[in-house]
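The file input-v1.csv comes next; it holds CSV, N, CA and C atoms.
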chain,number,residue,atom,x,y,z
A,2,MET,N,0.8,-1.2,0.0
A,2,MET,CA,0.0,0.0,0.0
A,2,MET,C,0.9,1.2,0.0
A,3,SER,N,0.6,2.2,-0.9
A,3,SER,CA,1.4,3.4,-1.0
A,3,SER,C,0.7,4.5,-0.2
A,4,HIS,N,1.5,5.3,0.4
A,4,HIS,CA,1.0,6.5,1.2
A,4,HIS,C,1.5,7.8,0.6
A,5,LYS,N,0.5,8.7,0.5
A,5,LYS,CA,0.9,10.0,0.0
A,5,LYS,C,1.3,10.9,1.2
A,6,PRO,N,2.3,11.7,0.9
A,6,PRO,CA,2.8,12.6,2.0
A,6,PRO,C,1.7,13.7,2.3
A,7,LYS,N,1.8,14.1,3.5
A,7,LYS,CA,0.9,15.3,3.9
A,7,LYS,C,1.4,16.5,3.0
A,8,PRO,N,0.5,17.3,2.6
A,8,PRO,CA,0.8,18.4,1.8
A,8,PRO,C,1.8,19.4,2.5
A,9,PRO,N,2.6,20.2,1.7
A,9,PRO,CA,3.5,21.2,2.4
A,9,PRO,C,2.6,22.2,3.2
A,10,ILE,N,3.3,22.8,4.2
A,10,ILE,CA,2.6,23.8,4.9
A,10,ILE,C,3.3,25.2,4.5
A,11,PRO,N,2.6,26.3,4.6
A,11,PRO,CA,3.2,27.5,4.1
A,11,PRO,C,4.2,28.2,5.0
A,12,GLU,N,4.1,27.8,6.3
A,12,GLU,CA,5.1,28.4,7.2
A,12,GLU,C,6.4,27.6,7.3
A,13,PRO,N,7.5,28.2,7.6
A,13,PRO,CA,8.8,27.5,7.7
A,13,PRO,C,8.8,26.4,8.8
A,14,SER,N,9.5,25.4,8.5
A,14,SER,CA,9.7,24.3,9.6
A,14,SER,C,10.5,24.9,10.7
A,15,ILE,N,11.5,25.7,10.4
A,15,ILE,CA,12.3,26.5,11.5
A,15,ILE,C,12.7,27.8,10.9
A,16,ARG,N,12.9,28.7,11.8
A,16,ARG,CA,13.4,30.1,11.5
A,16,ARG,C,14.5,30.4,12.5
A,17,VAL,N,15.6,31.0,12.0
A,17,VAL,CA,16.7,31.3,12.9
A,17,VAL,C,17.5,32.6,12.5
A,18,VAL,N,18.0,33.3,13.4
A,18,VAL,CA,18.8,34.5,13.1
A,18,VAL,C,20.3,34.0,13.1
A,19,MET,N,21.0,34.4,12.1
A,19,MET,CA,22.4,34.0,12.0
A,19,MET,C,23.3,35.0,12.9
A,20,MET,N,24.2,34.4,13.6
A,20,MET,CA,25.0,35.1,14.6
A,20,MET,C,26.5,35.1,14.3
A,21,PRO,N,27.2,36.0,14.8
A,21,PRO,CA,28.7,36.1,14.5
A,21,PRO,C,29.5,34.8,14.8
A,22,ARG,N,29.1,34.0,15.8
A,22,ARG,CA,29.8,32.8,16.1
A,22,ARG,C,29.8,31.8,15.0
A,23,ASP,N,28.9,31.9,14.0
A,23,ASP,CA,28.8,31.0,12.9
A,23,ASP,C,29.5,31.4,11.6
A,24,THR,N,30.4,32.4,11.7
A,24,THR,CA,31.0,32.9,10.5
A,24,THR,C,32.4,32.2,10.2
A,25,ASN,N,32.7,32.2,9.0
A,25,ASN,CA,34.0,31.7,8.5
A,25,ASN,C,35.0,32.9,8.4
A,26,ALA,N,36.2,32.7,7.9
A,26,ALA,CA,37.2,33.7,7.7
A,26,ALA,C,36.8,34.8,6.7
A,27,GLU,N,35.9,34.5,5.9
A,27,GLU,CA,35.4,35.4,4.8
A,27,GLU,C,34.3,36.3,5.3
A,28,GLY,N,33.8,36.0,6.6
A,28,GLY,CA,32.7,36.8,7.1
A,28,GLY,C,31.3,36.4,6.8
A,29,THR,N,31.2,35.3,6.1
A,29,THR,CA,29.9,34.7,5.8
A,29,THR,C,29.7,33.5,6.7
A,30,ILE,N,28.5,33.0,6.7
A,30,ILE,CA,28.1,31.8,7.5
A,30,ILE,C,28.7,30.6,6.9
A,31,PHE,N,29.3,29.7,7.8
A,31,PHE,CA,29.8,28.4,7.4
A,31,PHE,C,28.7,27.6,6.7
A,32,GLY,N,29.1,26.9,5.6
A,32,GLY,CA,28.2,26.0,4.9
A,32,GLY,C,27.7,24.9,5.9
A,33,GLY,N,28.6,24.4,6.7
A,33,GLY,CA,28.3,23.4,7.7
A,33,GLY,C,27.2,23.8,8.6
A,34,VAL,N,27.1,25.0,9.0
A,34,VAL,CA,26.0,25.5,9.9
A,34,VAL,C,24.7,25.4,9.1
A,35,ILE,N,24.7,25.8,7.8
A,35,ILE,CA,23.5,25.8,7.0
A,35,ILE,C,23.1,24.3,6.8
A,36,LEU,N,24.0,23.4,6.6
A,36,LEU,CA,23.7,22.0,6.5
A,36,LEU,C,23.0,21.4,7.8
A,37,SER,N,23.5,21.8,8.9
A,37,SER,CA,22.9,21.4,10.2
A,37,SER,C,21.5,21.9,10.3
A,38,LEU,N,21.3,23.1,9.9
A,38,LEU,CA,19.9,23.7,9.9
A,38,LEU,C,19.0,22.9,9.0
A,39,ILE,N,19.5,22.6,7.8
A,39,ILE,CA,18.7,21.8,6.8
A,39,ILE,C,18.3,20.5,7.4
A,40,ASP,N,19.3,19.8,8.1
A,40,ASP,CA,19.0,18.5,8.7
A,40,ASP,C,17.9,18.6,9.8
A,41,GLN,N,18.0,19.7,10.6
A,41,GLN,CA,17.0,19.9,11.6
A,41,GLN,C,15.6,20.2,11.0
A,42,ALA,N,15.6,21.0,10.0
A,42,ALA,CA,14.3,21.4,9.4
A,42,ALA,C,13.6,20.2,8.8
A,43,ALA,N,14.5,19.4,8.1
A,43,ALA,CA,13.9,18.2,7.4
A,43,ALA,C,13.4,17.2,8.5
A,44,TYR,N,14.1,17.1,9.6
A,44,TYR,CA,13.6,16.2,10.7
A,44,TYR,C,12.2,16.7,11.2
A,45,VAL,N,12.0,18.0,11.3
A,45,VAL,CA,10.7,18.5,11.7
A,45,VAL,C,9.6,18.1,10.7
A,46,GLU,N,10.0,18.1,9.4
A,46,GLU,CA,9.0,17.7,8.4
A,46,GLU,C,8.8,16.2,8.5
A,47,ALA,N,9.8,15.4,8.7
A,47,ALA,CA,9.7,14.0,8.8
A,47,ALA,C,8.7,13.6,9.9
A,48,VAL,N,8.9,14.1,11.1
A,48,VAL,CA,8.0,13.7,12.2
A,48,VAL,C,6.6,14.3,12.0
A,49,ARG,N,6.4,15.3,11.2
A,49,ARG,CA,5.1,15.8,10.8
A,49,ARG,C,4.4,14.8,10.0
A,50,GLN,N,5.1,14.1,9.1
A,50,GLN,CA,4.5,13.1,8.3
A,50,GLN,C,4.0,11.9,9.1
A,51,THR,N,4.9,11.4,10.0
A,51,THR,CA,4.6,10.3,10.9
A,51,THR,C,5.7,10.2,11.9
A,52,HIS,N,5.2,10.1,13.2
A,52,HIS,CA,6.2,10.1,14.3
A,52,HIS,C,6.9,8.8,14.4
A,53,HIS,N,8.2,8.9,14.1
A,53,HIS,CA,9.1,7.8,14.3
A,53,HIS,C,10.5,8.3,14.7
A,54,ARG,N,11.4,7.4,15.0
A,54,ARG,CA,12.8,7.8,15.1
A,54,ARG,C,13.4,7.7,13.7
A,55,TYR,N,14.1,8.8,13.3
A,55,TYR,CA,14.7,8.9,12.0
A,55,TYR,C,16.2,9.1,12.1
A,56,VAL,N,16.9,8.6,11.1
A,56,VAL,CA,18.3,8.9,10.9
A,56,VAL,C,18.5,9.4,9.5
A,57,THR,N,19.4,10.3,9.4
A,57,THR,CA,19.8,10.9,8.1
A,57,THR,C,20.6,10.0,7.4
A,58,VAL,N,20.2,9.6,6.1
A,58,VAL,CA,21.0,8.7,5.3
A,58,VAL,C,21.9,9.5,4.3
A,59,SER,N,21.3,10.6,3.7
A,59,SER,CA,22.0,11.4,2.8
A,59,SER,C,21.4,12.8,2.6
A,60,MET,N,22.3,13.7,2.1
A,60,MET,CA,21.8,15.0,1.7
A,60,MET,C,22.2,15.0,0.2
A,61,ARG,N,21.2,15.2,-0.6
A,61,ARG,CA,21.5,15.2,-2.1
A,61,ARG,C,21.2,16.6,-2.6
A,62,GLU,N,21.8,16.9,-3.7
A,62,GLU,CA,21.5,18.1,-4.5
A,62,GLU,C,21.6,19.3,-3.6
A,63,VAL,N,22.6,19.4,-2.7
A,63,VAL,CA,22.8,20.6,-1.9
A,63,VAL,C,23.4,21.7,-2.8
A,64,VAL,N,22.7,22.8,-3.0
A,64,VAL,CA,23.2,23.9,-3.8
A,64,VAL,C,23.1,25.2,-3.0
A,65,PHE,N,24.3,25.8,-2.9
A,65,PHE,CA,24.4,27.1,-2.2
A,65,PHE,C,24.3,28.2,-3.2
A,66,HIS,N,23.2,28.9,-3.3
A,66,HIS,CA,23.0,29.9,-4.3
A,66,HIS,C,23.6,31.3,-4.0
A,67,GLN,N,23.4,31.6,-2.7
A,67,GLN,CA,23.9,33.0,-2.3
A,67,GLN,C,24.5,32.8,-0.9
A,68,PRO,N,25.5,33.7,-0.6
A,68,PRO,CA,26.0,33.7,0.8
A,68,PRO,C,25.0,34.1,1.8
A,69,VAL,N,25.3,33.6,3.1
A,69,VAL,CA,24.4,34.0,4.2
A,69,VAL,C,25.3,34.9,5.1
A,70,PHE,N,24.7,35.9,5.7
A,70,PHE,CA,25.4,36.9,6.4
A,70,PHE,C,24.9,37.0,7.9
A,71,VAL,N,25.8,37.5,8.8
A,71,VAL,CA,25.4,37.7,10.1
A,71,VAL,C,24.2,38.7,10.1
A,72,GLY,N,23.2,38.3,10.9
A,72,GLY,CA,21.9,39.1,11.0
A,72,GLY,C,20.8,38.7,10.0
A,73,ASP,N,21.2,37.8,9.0
A,73,ASP,CA,20.1,37.3,8.2
A,73,ASP,C,19.2,36.4,9.0
A,74,VAL,N,17.9,36.5,8.7
A,74,VAL,CA,16.9,35.6,9.3
A,74,VAL,C,16.6,34.6,8.3
A,75,LEU,N,17.0,33.3,8.6
A,75,LEU,CA,16.8,32.2,7.7
A,75,LEU,C,15.5,31.5,8.0
A,76,SER,N,14.7,31.3,7.0
A,76,SER,CA,13.5,30.5,7.0
A,76,SER,C,13.7,29.2,6.2
A,77,LEU,N,13.5,28.1,6.8
A,77,LEU,CA,13.7,26.8,6.1
A,77,LEU,C,12.3,26.1,5.8
A,78,TYR,N,11.9,26.0,4.6
A,78,TYR,CA,10.7,25.5,4.1
A,78,TYR,C,10.9,24.1,3.6
A,79,CYS,N,10.0,23.1,4.0
A,79,CYS,CA,10.2,21.7,3.7
A,79,CYS,C,8.9,21.2,3.1
A,80,ASP,N,9.1,20.2,2.2
A,80,ASP,CA,8.0,19.4,1.7
A,80,ASP,C,8.6,18.0,1.4
A,81,THR,N,7.7,17.0,1.7
A,81,THR,CA,8.1,15.6,1.5
A,81,THR,C,7.8,15.3,0.1
A,82,ILE,N,8.8,14.8,-0.6
A,82,ILE,CA,8.7,14.6,-2.1
A,82,ILE,C,8.6,13.1,-2.4
A,83,ARG,N,9.0,12.2,-1.4
A,83,ARG,CA,8.9,10.8,-1.7
A,83,ARG,C,8.8,10.1,-0.4
A,84,VAL,N,7.8,9.1,-0.3
A,84,VAL,CA,7.7,8.2,0.8
A,84,VAL,C,8.0,6.8,0.3
A,85,GLY,N,9.1,6.2,0.8
A,85,GLY,CA,9.4,4.8,0.5
A,85,GLY,C,8.9,3.9,1.6
A,86,ARG,N,9.3,2.7,1.6
A,86,ARG,CA,8.8,1.8,2.6
A,86,ARG,C,9.4,2.1,4.0
A,87,THR,N,10.7,2.4,4.0
A,87,THR,CA,11.3,2.8,5.3
A,87,THR,C,12.0,4.2,5.2
A,88,SER,N,11.8,4.9,4.1
A,88,SER,CA,12.5,6.2,4.0
A,88,SER,C,11.5,7.3,3.6
A,89,LEU,N,12.0,8.5,3.9
A,89,LEU,CA,11.3,9.8,3.4
A,89,LEU,C,12.4,10.6,2.7
A,90,THR,N,12.0,11.2,1.6
A,90,THR,CA,12.9,12.2,1.0
A,90,THR,C,12.2,13.6,1.1
A,91,ILE,N,12.9,14.5,1.6
A,91,ILE,CA,12.4,15.8,1.9
A,91,ILE,C,13.2,16.9,1.2
A,92,ARG,N,12.5,17.8,0.5
A,92,ARG,CA,13.1,18.9,-0.1
A,92,ARG,C,13.1,20.1,0.9
A,93,VAL,N,14.2,20.8,1.0
A,93,VAL,CA,14.4,21.9,1.9
A,93,VAL,C,14.8,23.1,1.1
A,94,ARG,N,14.1,24.2,1.3
A,94,ARG,CA,14.5,25.5,0.6
A,94,ARG,C,14.8,26.5,1.7
A,95,VAL,N,16.0,27.1,1.7
A,95,VAL,CA,16.4,28.0,2.7
A,95,VAL,C,16.4,29.4,2.1
A,96,CYS,N,15.6,30.3,2.7
A,96,CYS,CA,15.4,31.7,2.3
A,96,CYS,C,16.0,32.6,3.4
A,97,ALA,N,16.6,33.7,2.9
A,97,ALA,CA,17.2,34.7,3.9
A,97,ALA,C,16.4,36.0,3.7
A,98,ARG,N,16.2,36.6,4.9
A,98,ARG,CA,15.8,38.0,4.9
A,98,ARG,C,16.9,38.8,5.4
A,99,ARG,N,17.4,39.7,4.6
A,99,ARG,CA,18.6,40.5,5.0
A,99,ARG,C,18.1,41.8,5.7
A,100,ARG,N,19.0,42.2,6.6
A,100,ARG,CA,18.7,43.5,7.3
A,100,ARG,C,18.6,44.6,6.3
A,101,THR,N,19.3,44.6,5.2
A,101,THR,CA,19.3,45.6,4.2
A,101,THR,C,18.0,45.7,3.4
A,102,ASP,N,17.3,44.5,3.3
A,102,ASP,CA,16.0,44.4,2.5
A,102,ASP,C,15.1,43.4,3.2
A,103,PRO,N,14.5,43.9,4.3
A,103,PRO,CA,13.7,42.9,5.1
A,103,PRO,C,12.4,42.5,4.5
A,104,ASP,N,12.0,43.1,3.4
A,104,ASP,CA,10.7,42.7,2.7
A,104,ASP,C,10.9,41.6,1.6
A,105,GLN,N,12.1,41.2,1.4
A,105,GLN,CA,12.4,40.3,0.3
A,105,GLN,C,13.0,39.0,0.8
A,106,ASP,N,12.5,37.9,0.5
A,106,ASP,CA,13.1,36.6,0.7
A,106,ASP,C,14.0,36.2,-0.4
A,107,ILE,N,15.2,35.8,-0.1
A,107,ILE,CA,16.2,35.4,-1.1
A,107,ILE,C,16.5,33.9,-0.9
A,108,LYS,N,16.3,33.1,-1.9
A,108,LYS,CA,16.7,31.7,-1.8
A,108,LYS,C,18.2,31.6,-1.8
A,109,VAL,N,18.7,31.1,-0.7
A,109,VAL,CA,20.2,31.0,-0.5
A,109,VAL,C,20.7,29.6,-0.7
A,110,THR,N,19.9,28.6,-0.3
A,110,THR,CA,20.3,27.2,-0.4
A,110,THR,C,19.1,26.3,-0.6
A,111,GLU,N,19.3,25.2,-1.2
A,111,GLU,CA,18.3,24.1,-1.3
A,111,GLU,C,19.0,22.8,-1.3
A,112,ALA,N,18.2,21.8,-0.8
A,112,ALA,CA,18.7,20.4,-0.7
A,112,ALA,C,17.6,19.4,-0.6
A,113,GLU,N,18.0,18.2,-0.8
A,113,GLU,CA,17.1,17.0,-0.6
A,113,GLU,C,17.8,16.2,0.5
A,114,VAL,N,17.0,15.8,1.5
A,114,VAL,CA,17.5,15.0,2.7
A,114,VAL,C,16.7,13.7,2.7
A,115,VAL,N,17.4,12.6,2.8
A,115,VAL,CA,16.8,11.3,2.9
A,115,VAL,C,16.9,10.8,4.3
A,116,PHE,N,15.8,10.4,4.9
A,116,PHE,CA,15.8,9.8,6.3
A,116,PHE,C,15.3,8.4,6.2
A,117,VAL,N,15.8,7.6,7.1
A,117,VAL,CA,15.3,6.2,7.3
A,117,VAL,C,14.7,6.1,8.6
A,118,SER,N,13.5,5.5,8.7
A,118,SER,CA,12.8,5.3,10.0
A,118,SER,C,13.4,4.0,10.6
A,119,VAL,N,13.8,4.2,11.9
A,119,VAL,CA,14.4,3.0,12.6
A,119,VAL,C,13.8,2.8,13.9
A,120,ASP,N,14.0,1.5,14.4
A,120,ASP,CA,13.5,1.2,15.7
A,120,ASP,C,14.6,1.5,16.8
A,121,ASP,N,14.3,1.1,18.0
A,121,ASP,CA,15.2,1.5,19.1
A,121,ASP,C,16.6,0.8,18.9
A,122,SER,N,16.7,-0.2,18.2
A,122,SER,CA,18.0,-0.9,17.9
A,122,SER,C,18.7,-0.4,16.7
A,123,GLY,N,18.0,0.6,16.0
A,123,GLY,CA,18.6,1.2,14.8
A,123,GLY,C,18.3,0.4,13.5
A,124,LYS,N,17.4,-0.5,13.5
A,124,LYS,CA,17.0,-1.3,12.3
A,124,LYS,C,15.9,-0.6,11.6
A,125,PRO,N,16.0,-0.6,10.3
A,125,PRO,CA,14.9,0.1,9.5
A,125,PRO,C,13.5,-0.5,9.8
A,126,VAL,N,12.5,0.3,9.9
A,126,VAL,CA,11.1,-0.1,10.1
A,126,VAL,C,10.3,0.7,9.1
A,127,PRO,N,9.1,0.2,8.7
A,127,PRO,CA,8.2,0.9,7.8
A,127,PRO,C,7.9,2.3,8.3
A,128,VAL,N,7.8,3.2,7.4
A,128,VAL,CA,7.4,4.6,7.8
A,128,VAL,C,6.0,4.6,8.2
A,129,PHE,N,5.1,3.9,7.5
A,129,PHE,CA,3.7,3.8,7.8
A,129,PHE,C,3.4,2.3,8.1
A,130,ASP,N,2.7,2.1,9.2
A,130,ASP,CA,2.2,0.8,9.6
A,130,ASP,C,1.1,0.4,8.6
A,131,ASN,N,1.2,-0.7,8.0
A,131,ASN,CA,0.2,-1.2,7.1
A,131,ASN,C,-0.8,-2.1,7.8

As structure tokens, the full file:
Amino acid sequence: MSHKPKPPIPEPSIRVVMMPRDTNAEGTIFGGVILSLIDQAAYVEAVRQTHHRYVTVSMREVVFHQPVFVGDVLSLYCDTIRVGRTSLTIRVRVCARRRTDPDQDIKVTEAEVVFVSVDDSGKPVPVFDN
């Protein structure tokens, strides 16, 4: 039996202000910080679909379109694009609101995250009980 994912929601999975502690030597936010936020936002979307323990299997198609700066407010929007037997694939879009232009959202990064649903011993289990 195949399950359709719940439709995307218009509000972000998470929203965060970027701080000076997250900058690299160039004065922009480390890519690894953005990756961590993507992983967290995708997890929020995964448990919205069905509450399980999930582990991240991969991040695919990560594209950094624009730099992120201190003071940017990032909004991470997610939608589930594939439900497998034990896995979920989630698309994450990261938008920044800059202090210099607070009325415009700028797409700065996007990625696909694949999670596997696991039991307490770490073995894959079905995402949806049939």

Judged by only C-alpha atoms, the minimum distance to Phe129 of chain A among A:Val109, A:Arg94, A:Ser59, A:Pro6 is found for A:Pro6

One-decimal distance in Å that lies between atom C of Phe31 of chain A and atom C of Val115 of chain A
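About the pair atom C of Val115 of chain A and atom C of Phe31 of chain A: they are 20.7 Å apart.
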
Please report the interatomic distance between atom C of Val17 of chain A and atom N of Val74 of chain A in Å with one decimal.
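A separation of 5.5 Å between them.
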
For each of A:Val69, A:Val119, A:Leu89, A:Ala43, take the minimum atom-to-atom distance to Ile30 of chain A, counting only C-alpha atoms, then give the residue where this is smallest.
A:Val69

Write out as an MDAnalysis selection string all residues of segment 9-99 of chain A that DSSP puts in strand (DSSP E or B) for this structure's backbone.
chainID A and resid 15:18 24 29:30 54:65 70 74:84 88:99

Work out how far apart atom C of Thr57 of chain A and atom CA of Pro9 of chain A are and give it in Å to one decimal.
21.0 Å

So that I can check the surroundings of Gln41 of chain A, please list as number ranges by chain every protein, DNA and RNA residue that reaches within 7 Å of it, counting only N, CA and C atoms and ignoring chain neighbours fewer than 5 positions away.
A: 14-15, 36, 46

Using only C-alpha atoms, can you tell me which of A:Asp40, A:Phe70, A:Ile10, A:Pro125 comes closest to Thr24 of chain A?
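Ranking A:Asp40, A:Phe70, A:Ile10, A:Pro125 by distance to Thr24 of chain A, first place goes to A:Phe70.
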
Quick one: residues within 6.5 Å of His53 of chain A, only N, CA and C atoms counted, chain neighbours fewer than 3 positions away excluded, as a PyMOL selection string?
chain A and resi 47-48+118-119

Can you tell me, as JSON, numbers by chain, which residues in segment 24-88 of chain A count as alpha helix (DSSP H) by DSSP?
{"A": [32, 33, 34, 35, 36, 37, 38, 39, 40, 41, 42, 43, 44, 45, 46, 47, 48, 49, 50]}

Of the residues A:Ser122, A:Thr81, A:Asn25, A:Gln67, which is the one nearest to Cys96 of chain A, using only C-alpha atoms?
A:Gln67

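Remark: for Lys124 of chain A, the closest of the candidate residues A:Val71, A:Val56, A:Val64, A:Ile91 is A:Val56 (distances computed over only C-alpha atoms).
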
6 Å contact set for Glu111 of chain A, all atoms listed in the file, chain neighbours under 4 positions out, as a list in words
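Once the nearby chain positions are removed, what remains is Glu62, Val63, Val64, Phe65, His66, Val93, Arg94 and Val95 of chain A.
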
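Closest approach to Lys7 of chain A among A:Thr29, A:Ser88, A:Thr51, A:Ser37 is made by A:Thr51 (distances from all atoms listed in the file).
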
Mind listing whatever residues come within 9 Å of the point (10.4, 28.2, 11.5)? Use only C-alpha atoms, file coordinates, and give them as a PyMOL selection string.
chain A and resi 12-17+42+75-78

I need every residue sitting at most 9 Å from the point (10.5, 4.5, 1.4) (coordinates as in the file, only C-alpha atoms considered), written as a list in words.
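Applying the cut-off with only C-alpha atoms, one gets Arg83, Val84, Gly85, Arg86, Thr87, Ser88, Leu89, Thr90, Phe116, Val117, Ser118, Pro127 and Val128 of chain A.
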